[in-house]
file input25.cif (mmCIF, C-alpha atoms)
data_start
loop_
_atom_site.label_atom_id
_atom_site.label_comp_id
_atom_site.auth_asym_id
_atom_site.auth_seq_id
_atom_site.Cartn_x
_atom_site.Cartn_y
_atom_site.Cartn_z
CA MET A 1 -2.73 -51.17 51.34
CA LYS A 2 -1.46 -51.07 54.89
CA GLU A 3 1.51 -48.66 55.00
CA ARG A 4 0.42 -47.92 51.43
CA ASN A 5 3.70 -48.37 49.56
CA THR A 6 1.90 -47.85 46.27
CA ASP A 7 4.48 -45.42 44.89
CA PHE A 8 7.18 -48.10 44.84
CA LEU A 9 4.86 -50.62 43.20
CA LEU A 10 4.02 -48.09 40.48
CA GLU A 11 7.71 -47.32 40.02
CA LEU A 12 8.40 -51.00 39.42
CA LEU A 13 5.50 -51.22 36.97
CA ASN A 14 6.82 -48.16 35.13
CA THR A 15 10.25 -49.78 34.68
CA ALA A 16 10.81 -51.90 31.58
CA SER A 17 11.99 -55.37 32.59
CA PRO A 18 11.77 -57.71 29.60
CA SER A 19 12.98 -61.25 30.19
CA SER A 20 16.77 -61.31 29.68
CA TYR A 21 17.04 -57.53 30.27
CA GLU A 22 16.10 -57.09 33.93
CA MET A 23 19.14 -55.11 35.07
CA VAL A 24 17.46 -51.70 35.53
CA ILE A 25 14.56 -52.96 37.63
CA GLN A 26 16.85 -55.22 39.64
CA ARG A 27 19.05 -52.26 40.55
CA LYS A 28 15.99 -50.31 41.74
CA TRP A 29 14.70 -53.22 43.81
CA MET A 30 18.11 -53.86 45.33
CA GLU A 31 18.54 -50.23 46.36
CA ALA A 32 15.06 -50.23 47.90
CA MET A 33 15.80 -53.38 49.90
CA GLU A 34 19.24 -52.39 51.23
CA PRO A 35 17.93 -50.45 54.28
CA TYR A 36 15.81 -53.41 55.41
CA ALA A 37 17.91 -56.50 54.63
CA ASP A 38 20.79 -57.90 56.66
CA GLU A 39 22.49 -58.86 53.43
CA ILE A 40 22.01 -58.39 49.68
CA ARG A 41 23.22 -61.03 47.25
CA THR A 42 23.37 -61.19 43.46
CA ASP A 43 24.40 -63.95 41.08
CA HIS A 44 25.49 -64.50 37.50
CA ALA A 45 21.92 -65.04 36.32
CA GLY A 46 20.96 -61.54 37.43
CA ASN A 47 18.91 -62.47 40.51
CA VAL A 48 18.87 -60.16 43.53
CA ILE A 49 18.30 -61.73 46.95
CA ALA A 50 17.49 -59.74 50.10
CA VAL A 51 18.31 -61.77 53.20
CA LYS A 52 17.10 -61.47 56.78
CA ASN A 53 18.74 -63.53 59.52
CA PRO A 54 21.33 -65.26 57.29
CA GLU A 55 22.81 -67.19 60.23
CA ALA A 56 19.66 -69.26 60.75
CA ASP A 57 19.78 -72.97 59.92
CA VAL A 58 16.27 -73.02 58.45
CA LYS A 59 16.09 -70.99 55.23
CA VAL A 60 12.78 -69.88 53.74
CA MET A 61 13.05 -68.69 50.16
CA LEU A 62 10.39 -66.39 48.70
CA ALA A 63 10.65 -65.92 44.93
CA GLY A 64 8.90 -63.25 42.87
CA HIS A 65 10.09 -62.92 39.29
CA CYS A 66 10.72 -59.42 37.97
CA ASP A 67 10.72 -60.08 34.23
CA GLU A 68 7.86 -59.31 31.88
CA ILE A 69 6.90 -60.59 28.46
CA ALA A 70 8.28 -58.55 25.57
CA LEU A 71 8.86 -58.30 21.85
CA VAL A 72 12.27 -58.97 20.30
CA VAL A 73 13.64 -57.60 17.04
CA ASN A 74 14.36 -60.41 14.58
CA ARG A 75 14.61 -58.49 11.30
CA ILE A 76 14.79 -54.96 9.96
CA GLY A 77 13.28 -54.45 6.55
CA GLU A 78 14.93 -52.40 3.83
CA ASP A 79 12.10 -49.88 4.24
CA GLY A 80 12.85 -49.41 7.96
CA TYR A 81 9.97 -51.47 9.34
CA ILE A 82 10.92 -53.71 12.26
CA TYR A 83 9.77 -57.33 12.38
CA ILE A 84 9.39 -59.03 15.71
CA ASP A 85 9.24 -62.28 17.61
CA LYS A 86 8.06 -62.96 21.15
CA MET A 87 10.06 -63.05 24.37
CA GLY A 88 7.63 -65.02 26.50
CA GLY A 89 3.92 -65.64 26.01
CA VAL A 90 2.88 -62.63 23.94
CA ASN A 91 -0.67 -62.62 22.59
CA PRO A 92 -0.45 -61.21 19.03
CA LYS A 93 -4.07 -60.05 19.10
CA ALA A 94 -3.34 -57.90 22.15
CA ALA A 95 -0.38 -56.32 20.33
CA VAL A 96 -2.31 -54.85 17.43
CA GLY A 97 -2.31 -51.05 17.40
CA MET A 98 -0.18 -50.74 20.57
CA LYS A 99 2.49 -48.13 21.18
CA VAL A 100 5.87 -49.61 22.07
CA GLU A 101 9.20 -48.54 23.49
CA ILE A 102 12.18 -50.17 21.82
CA LEU A 103 15.17 -50.58 24.13
CA GLY A 104 17.67 -50.13 21.35
CA SER A 105 21.37 -50.90 21.54
CA PHE A 106 22.16 -47.33 20.52
CA GLY A 107 19.16 -45.47 21.92
CA THR A 108 15.53 -45.81 22.92
CA LEU A 109 12.93 -45.51 20.18
CA ASN A 110 9.19 -44.96 20.20
CA GLY A 111 7.17 -47.05 17.82
CA VAL A 112 3.74 -48.37 16.97
CA ILE A 113 2.59 -51.81 15.92
CA GLY A 114 1.00 -51.13 12.57
CA VAL A 115 -2.43 -52.41 11.66
CA ASN A 116 -4.17 -52.49 8.30
CA ALA A 117 -7.07 -50.03 8.31
CA GLN A 118 -10.53 -51.57 8.41
CA HIS A 119 -11.29 -49.59 5.22
CA HIS A 120 -8.60 -51.70 3.54
CA GLY A 121 -9.85 -54.98 4.91
CA GLY A 122 -8.30 -54.96 8.39
CA LEU A 123 -6.69 -58.06 9.86
CA LYS A 124 -8.11 -61.33 8.61
CA GLY A 125 -8.65 -64.48 10.69
CA ASP A 126 -5.89 -65.91 12.82
CA PHE A 127 -2.47 -64.37 12.68
CA GLU A 128 0.87 -64.62 14.50
CA LEU A 129 3.29 -62.07 15.79
CA ASP A 130 5.50 -62.47 12.74
CA ASP A 131 2.60 -61.13 10.67
CA LEU A 132 2.95 -57.80 12.50
CA PHE A 133 5.63 -55.11 12.43
CA ILE A 134 6.78 -52.03 14.32
CA ASP A 135 6.84 -48.63 12.61
CA CYS A 136 9.42 -46.47 14.42
CA GLY A 137 9.44 -43.70 11.85
CA ALA A 138 12.64 -44.84 10.14
CA LYS A 139 12.65 -44.48 6.36
CA SER A 140 15.30 -47.14 5.72
CA LYS A 141 17.09 -50.11 7.26
CA GLU A 142 20.22 -47.98 7.51
CA GLU A 143 18.41 -45.31 9.54
CA ALA A 144 16.82 -47.86 11.88
CA GLU A 145 20.19 -49.55 12.46
CA ARG A 146 21.56 -46.32 13.92
CA TYR A 147 19.44 -47.14 16.97
CA ILE A 148 18.69 -50.84 17.05
CA ARG A 149 20.02 -54.23 16.11
CA ILE A 150 18.77 -57.80 16.01
CA GLY A 151 17.89 -59.09 19.48
CA ASP A 152 16.91 -55.71 20.95
CA LEU A 153 13.74 -55.76 23.01
CA ALA A 154 10.54 -53.75 23.07
CA VAL A 155 7.73 -53.40 25.60
CA TYR A 156 4.26 -51.92 25.34
CA LYS A 157 4.31 -48.21 26.14
CA ARG A 158 1.68 -48.39 28.84
CA LYS A 159 1.70 -46.63 32.21
CA PRO A 160 -0.09 -48.29 35.14
CA GLU A 161 -3.47 -46.93 36.15
CA VAL A 162 -5.12 -46.92 39.57
CA MET A 163 -8.84 -47.55 39.20
CA MET A 164 -11.37 -46.52 41.87
CA ASP A 165 -8.52 -46.57 44.42
CA ARG A 166 -9.13 -50.32 44.40
CA TYR A 167 -7.38 -51.90 41.44
CA VAL A 168 -4.13 -51.37 39.58
CA SER A 169 -3.95 -52.03 35.84
CA GLY A 170 -1.10 -52.05 33.35
CA ARG A 171 1.44 -54.25 31.65
CA GLY A 172 3.72 -56.62 33.50
CA LEU A 173 1.82 -57.02 36.76
CA ASP A 174 2.89 -60.59 35.98
CA ASN A 175 5.01 -60.58 37.96
CA ARG A 176 6.40 -57.33 39.24
CA THR A 177 3.60 -57.56 41.79
CA GLY A 178 5.33 -60.72 43.08
CA GLN A 179 8.67 -58.91 43.15
CA PHE A 180 6.98 -56.16 45.15
CA ILE A 181 5.31 -58.62 47.56
CA VAL A 182 8.49 -60.49 48.52
CA GLY A 183 10.26 -57.17 49.02
CA GLU A 184 7.47 -55.95 51.28
CA VAL A 185 7.86 -59.07 53.42
CA ILE A 186 11.50 -58.17 54.05
CA ARG A 187 10.59 -54.54 54.72
CA ARG A 188 7.92 -55.40 57.28
CA LEU A 189 10.10 -57.93 59.09
CA ALA A 190 13.12 -55.62 59.20
CA ASP A 191 12.81 -54.68 62.88
CA GLU A 192 11.55 -58.04 64.10
CA ASP A 193 13.33 -61.09 65.49
CA VAL A 194 12.44 -64.20 63.51
CA ASN A 195 13.53 -67.78 64.04
CA VAL A 196 14.33 -68.58 60.42
CA GLY A 197 16.34 -67.09 57.63
CA VAL A 198 14.26 -65.27 55.01
CA TYR A 199 15.59 -65.09 51.46
CA ALA A 200 13.45 -62.79 49.29
CA ALA A 201 14.57 -63.40 45.72
CA SER A 202 13.72 -61.14 42.82
CA THR A 203 14.27 -63.71 40.09
CA VAL A 204 14.82 -63.34 36.36
CA ASN A 205 13.80 -65.18 33.20
CA GLU A 206 10.61 -66.83 34.51
CA GLU A 207 8.66 -65.85 31.42
CA THR A 208 11.11 -67.64 29.14
CA ASN A 209 12.97 -70.46 30.90
CA MET A 210 12.72 -70.12 34.73
CA GLY A 211 16.51 -70.32 34.88
CA GLY A 212 16.74 -67.49 37.38
CA ALA A 213 14.82 -69.47 39.99
CA TYR A 214 17.13 -72.43 39.46
CA PHE A 215 20.25 -70.32 39.93
CA ALA A 216 18.83 -68.64 43.02
CA ALA A 217 17.65 -71.80 44.75
CA ALA A 218 20.80 -73.71 43.87
CA GLY A 219 22.84 -70.95 45.50
CA ILE A 220 20.65 -70.53 48.58
CA GLU A 221 19.95 -74.25 49.21
CA PRO A 222 16.68 -73.37 50.99
CA THR A 223 14.90 -75.58 53.48
CA MET A 224 11.65 -74.64 51.73
CA ALA A 225 10.60 -72.25 48.99
CA ILE A 226 7.45 -70.33 48.11
CA ALA A 227 6.87 -68.92 44.65
CA CYS A 228 4.90 -65.66 44.74
CA ASP A 229 3.30 -65.25 41.34
CA VAL A 230 -0.03 -64.43 39.71
CA THR A 231 -2.83 -66.70 38.60
CA PHE A 232 -5.85 -66.39 36.31
CA ALA A 233 -8.82 -64.55 37.76
CA THR A 234 -12.06 -65.76 36.20
CA ASP A 235 -14.44 -63.08 37.45
CA TYR A 236 -15.03 -61.22 34.18
CA PRO A 237 -17.30 -61.82 31.17
CA GLY A 238 -16.49 -64.59 28.72
CA VAL A 239 -14.51 -66.90 31.02
CA ASP A 240 -15.58 -70.53 31.39
CA LYS A 241 -15.47 -71.12 35.16
CA LYS A 242 -16.28 -74.80 34.76
CA LYS A 243 -13.05 -75.20 32.82
CA ASN A 244 -10.85 -72.57 34.48
CA GLY A 245 -12.04 -72.48 38.08
CA ASP A 246 -13.64 -69.74 40.14
CA ILE A 247 -11.01 -67.17 41.16
CA LYS A 248 -12.03 -63.61 42.04
CA LEU A 249 -10.32 -60.31 42.73
CA GLU A 250 -10.72 -59.15 46.33
CA ALA A 251 -11.27 -62.73 47.50
CA GLY A 252 -7.77 -63.29 48.84
CA PRO A 253 -4.52 -65.08 47.93
CA VAL A 254 -4.66 -68.30 45.91
CA LEU A 255 -2.97 -71.45 47.22
CA ALA A 256 -2.07 -74.22 44.80
CA LYS A 257 -2.96 -77.87 45.33
CA GLY A 258 -1.32 -80.67 43.40
CA ALA A 259 1.57 -83.09 43.15
CA PRO A 260 4.38 -80.46 43.24
CA ILE A 261 3.04 -78.74 46.39
CA ASN A 262 4.22 -79.65 49.88
CA ARG A 263 1.12 -80.35 51.98
CA ASN A 264 2.77 -79.37 55.26
CA MET A 265 3.58 -75.92 53.93
CA ASN A 266 0.01 -75.44 52.76
CA VAL A 267 -1.27 -76.37 56.22
CA MET A 268 1.05 -73.74 57.72
CA LEU A 269 -0.15 -71.14 55.21
CA GLU A 270 -3.78 -71.98 55.95
CA GLN A 271 -3.16 -71.61 59.68
CA ALA A 272 -1.53 -68.22 59.09
CA ALA A 273 -4.50 -67.13 56.96
CA LYS A 274 -6.97 -68.23 59.64
CA GLU A 275 -5.03 -66.37 62.32
CA ARG A 276 -5.24 -63.10 60.34
CA SER A 277 -8.77 -63.69 58.99
CA ILE A 278 -7.39 -63.68 55.43
CA PRO A 279 -9.68 -65.39 52.90
CA VAL A 280 -7.96 -68.02 50.77
CA GLN A 281 -8.80 -69.33 47.30
CA TYR A 282 -7.48 -72.49 45.64
CA GLU A 283 -6.27 -73.58 42.24
CA LEU A 284 -5.19 -76.97 40.93
CA THR A 285 -1.64 -77.57 39.70
CA SER A 286 -1.83 -81.32 39.25
CA ARG A 287 1.47 -81.98 37.46
CA ALA A 288 3.35 -78.67 37.44
CA THR A 289 2.72 -75.11 38.52
CA GLY A 290 4.13 -73.28 35.50
CA THR A 291 5.99 -70.98 37.92
CA ASP A 292 9.39 -70.63 39.57
CA ALA A 293 8.24 -73.28 42.07
CA ASP A 294 8.87 -76.00 39.47
CA ARG A 295 12.55 -75.12 39.09
CA MET A 296 13.21 -74.40 42.77
CA ARG A 297 11.74 -77.77 43.70
CA LEU A 298 14.29 -79.65 41.61
CA THR A 299 17.47 -77.99 42.88
CA GLY A 300 20.02 -79.70 45.12
CA LYS A 301 18.56 -82.69 46.95
CA GLY A 302 15.05 -81.40 46.31
CA VAL A 303 13.22 -78.48 47.91
CA PRO A 304 9.68 -78.57 49.37
CA VAL A 305 7.67 -75.85 47.64
CA SER A 306 4.37 -74.04 47.79
CA LEU A 307 2.78 -71.41 45.58
CA VAL A 308 0.99 -68.26 46.73
CA SER A 309 -0.62 -66.43 43.82
CA LEU A 310 -2.25 -63.06 43.27
CA PRO A 311 -5.51 -63.16 41.27
CA LEU A 312 -4.97 -61.36 37.97
CA ARG A 313 -7.37 -60.37 35.21
CA TYR A 314 -6.36 -60.24 31.52
CA MET A 315 -3.00 -62.01 31.90
CA HIS A 316 -0.27 -61.30 29.33
CA SER A 317 -2.10 -58.27 27.99
CA PRO A 318 -1.26 -54.56 28.28
CA VAL A 319 -4.10 -54.14 30.80
CA GLU A 320 -3.45 -56.79 33.44
CA THR A 321 -5.50 -55.89 36.51
CA ALA A 322 -5.12 -56.80 40.20
CA SER A 323 -6.52 -55.71 43.56
CA PHE A 324 -4.59 -53.70 46.15
CA GLU A 325 -6.46 -55.63 48.84
CA ASP A 326 -5.27 -58.97 47.46
CA ILE A 327 -1.70 -57.67 47.28
CA GLU A 328 -1.88 -56.63 50.94
CA GLN A 329 -3.30 -59.98 51.97
CA CYS A 330 -0.54 -61.87 50.13
CA ILE A 331 2.04 -59.82 52.03
CA GLU A 332 0.36 -60.34 55.40
CA LEU A 333 -0.07 -64.06 54.78
CA LEU A 334 3.65 -64.51 54.11
CA VAL A 335 4.71 -62.27 56.99
CA THR A 336 2.50 -64.23 59.41
CA PHE A 337 3.73 -67.55 58.00
CA ILE A 338 7.30 -66.55 58.81
CA ARG A 339 6.50 -65.03 62.20
CA ASN A 340 4.84 -68.28 63.26
CA MET A 341 7.82 -70.48 62.46
CA ASP A 342 10.07 -71.68 65.28
CA GLY A 343 12.43 -73.58 63.00
CA THR A 344 11.35 -77.08 64.04
CA GLU A 345 8.44 -77.48 61.62
CA SER A 346 8.24 -80.81 59.81
CA LEU A 347 7.92 -80.76 56.05
CA ASN A 348 7.41 -84.53 55.75
CA PRO A 349 3.84 -85.23 54.57
CA LEU A 350 3.87 -88.53 56.46
CA ASP A 351 3.72 -86.53 59.67
CA LEU A 352 0.27 -85.30 58.69
CA VAL A 353 -1.21 -88.81 58.81
#
call {"tool": "encode", "arguments": {"input": "input25.cif", "output": "structure tokens"}}
result
Amino acid sequence: MKERNTDFLLELLNTASPSSYEMVIQRKWMEAMEPYADEIRTDHAGNVIAVKNPEADVKVMLAGHCDEIALVVNRIGEDGYIYIDKMGGVNPKAAVGMKVEILGSFGTLNGVIGVNAQHHGGLKGDFELDDLFIDCGAKSKEEAERYIRIGDLAVYKRKPEVMMDRYVSGRGLDNRTGQFIVGEVIRRLADEDVNVGVYAASTVNEETNMGGAYFAAAGIEPTMAIACDVTFATDYPGVDKKKNGDIKLEAGPVLAKGAPINRNMNVMLEQAAKERSIPVQYELTSRATGTDADRMRLTGKGVPVSLVSLPLRYMHSPVETASFEDIEQCIELLVTFIRNMDGTESLNPLDLV
């Protein structure tokens, strides 16, 4: 990456940020942004917003959610085993045999998700998360309750890995990479004069209800908003490209096309990409994007939105994988998009005809 800020990205990826419990990572991101932003805002949802040029009439909101999928304690058995539900889109088959860190109310616990040995028949057929359990070493419910209670959260105990100095792999790249990208935009624009206000929002709760994006956009009242998220790469064995599209790592940012997306904004993004020789890929979001863009769009009197996504392999698994080159190109695309704006751009699609 240009100005290779990899250490901060890895720090974010090493920080547990389950949906509804994003406070620790938000504090880190806020402290990292303070030297570069003209203003830092927070709200009652837990969003953190780094602002550049807050006096400008035109306000461009960039949203990258910081929360990750997680497990949540829903019952503690009399024998000390912990039974779990999902906080976000957890794949139960990816959970089997994983180490976890339980963010207990009275202390942090290590645990493992138990699995029946293959010698004893293994796991049979389809199963759900409530068929699994966490073994934290407690011998009784009473002992386990010294550390945890119902509603406490757990994440996979998985450190990020850099592979071939090309890719980064780990849990929760969805979407702490987006949080990192919008922060990098503020950092790189810090010493520049721009014609618009830039509102880089590290949003919460996207994996569960997207309420953070609603709070943030309702408070900012942006002229336009771009969600910076991840999308499904399809460049590995077993994926049906006819059904899921052809999205590759190291082939550039992915722009969405569909009813929710403002065409004028996409034209501006495409022009910025052409100017910087950044390759662009496309995905279809015919009815909804499934990202923060959907909630931002419906705040106030309505907000024109676009979606810039990072290609991601193995989504919602402990080994999500993305390209450093794609991350850099997402940052440069957004920086160039903002640099090019003079504040008079039309967002009315009728002006394209």
call {"tool": "residues_around", "arguments": {"input": "input25.cif", "residues": "range 312-321 of chain A", "least_positions_apart": "2", "cutoff": "7 Å", "atoms": "only C-alpha atoms", "output": "ChimeraX atom specification"}}
result
/A:89-91,94,156,158,167-171,173,230-233,310
call {"tool": "resolve_selection", "arguments": {"input": "input25.cif", "expression": "the PyMOL selection byres ((chain A and resi 29-45) around 9)", "output": "PyMOL selection string"}}
result
chain A and resi 8+12+24-28+46-54+179-180+183-184+186-191+202-205+211-212+215-216+219
call {"tool": "residues_around", "arguments": {"input": "input25.cif", "residues": "Lys157 in chain A", "least_positions_apart": "4", "cutoff": "12 Å", "atoms": "all atoms listed in the file", "output": "list in words"}}
result
Leu13, Asn14, Thr15, Ala16, Ala70, Leu71, Ala95, Gly97, Met98, Lys99, Val100, Glu101, Ile102, Leu103, Thr108, Leu109, Asn110, Gly111, Val112, Ile113, Gly170, Arg171, Gly172, Pro318 and Val319 of chain A
call {"tool": "residues_around", "arguments": {"input": "input25.cif", "residues": "Met341 in chain A", "least_positions_apart": "2", "cutoff": "8 Å", "atoms": "all atoms listed in the file", "output": "list of chain:residue names"}}
result
A:Val194, A:Asn195, A:Val196, A:Phe337, A:Ile338, A:Arg339, A:Gly343, A:Thr344, A:Glu345
call {"tool": "closest_residue", "arguments": {"input": "input25.cif", "among": "A:Gly64, A:Pro222, A:Gly107, A:Gly151", "to": "Thr299 in chain A", "atoms": "all atoms listed in the file"}}
result
A:Pro222
call {"tool": "atom_distance", "arguments": {"input": "input25.cif", "atom1": "CA of Ala138 in chain A", "atom2": "CA of Tyr83 in chain A"}}
result
13.0 Å
call {"tool": "resolve_selection", "arguments": {"input": "input25.cif", "expression": "the PyMOL selection byres ((chain A and resi 63) around 9)", "output": "PDB file with C-alpha atoms, in the coordinates of the input"}}
result
ATOM      1  CA  ILE A  49      18.300 -61.730  46.950  1.00  0.00           C
ATOM      2  CA  MET A  61      13.050 -68.690  50.160  1.00  0.00           C
ATOM      3  CA  LEU A  62      10.390 -66.390  48.700  1.00  0.00           C
ATOM      4  CA  GLY A  64       8.900 -63.250  42.870  1.00  0.00           C
ATOM      5  CA  HIS A  65      10.090 -62.920  39.290  1.00  0.00           C
ATOM      6  CA  GLY A 178       5.330 -60.720  43.080  1.00  0.00           C
ATOM      7  CA  GLN A 179       8.670 -58.910  43.150  1.00  0.00           C
ATOM      8  CA  VAL A 182       8.490 -60.490  48.520  1.00  0.00           C
ATOM      9  CA  TYR A 199      15.590 -65.090  51.460  1.00  0.00           C
ATOM     10  CA  ALA A 200      13.450 -62.790  49.290  1.00  0.00           C
ATOM     11  CA  ALA A 201      14.570 -63.400  45.720  1.00  0.00           C
ATOM     12  CA  SER A 202      13.720 -61.140  42.820  1.00  0.00           C
ATOM     13  CA  THR A 203      14.270 -63.710  40.090  1.00  0.00           C
ATOM     14  CA  ALA A 213      14.820 -69.470  39.990  1.00  0.00           C
ATOM     15  CA  ALA A 216      18.830 -68.640  43.020  1.00  0.00           C
ATOM     16  CA  ALA A 225      10.600 -72.250  48.990  1.00  0.00           C
ATOM     17  CA  ILE A 226       7.450 -70.330  48.110  1.00  0.00           C
ATOM     18  CA  ALA A 227       6.870 -68.920  44.650  1.00  0.00           C
ATOM     19  CA  CYS A 228       4.900 -65.660  44.740  1.00  0.00           C
ATOM     20  CA  ASP A 229       3.300 -65.250  41.340  1.00  0.00           C
ATOM     21  CA  ASP A 292       9.390 -70.630  39.570  1.00  0.00           C
ATOM     22  CA  ALA A 293       8.240 -73.280  42.070  1.00  0.00           C
TER      23      ALA A 293
END
call {"tool": "closest_residue", "arguments": {"input": "input25.cif", "among": "A:Asp326, A:Asp294, A:Asp67, A:Asp79", "to": "Val280 in chain A", "atoms": "all atoms listed in the file"}}
result
A:Asp326
call {"tool": "atom_distance", "arguments": {"input": "input25.cif", "atom1": "CA of Pro279 in chain A", "atom2": "CA of Gly252 in chain A"}}
result
5.0 Å
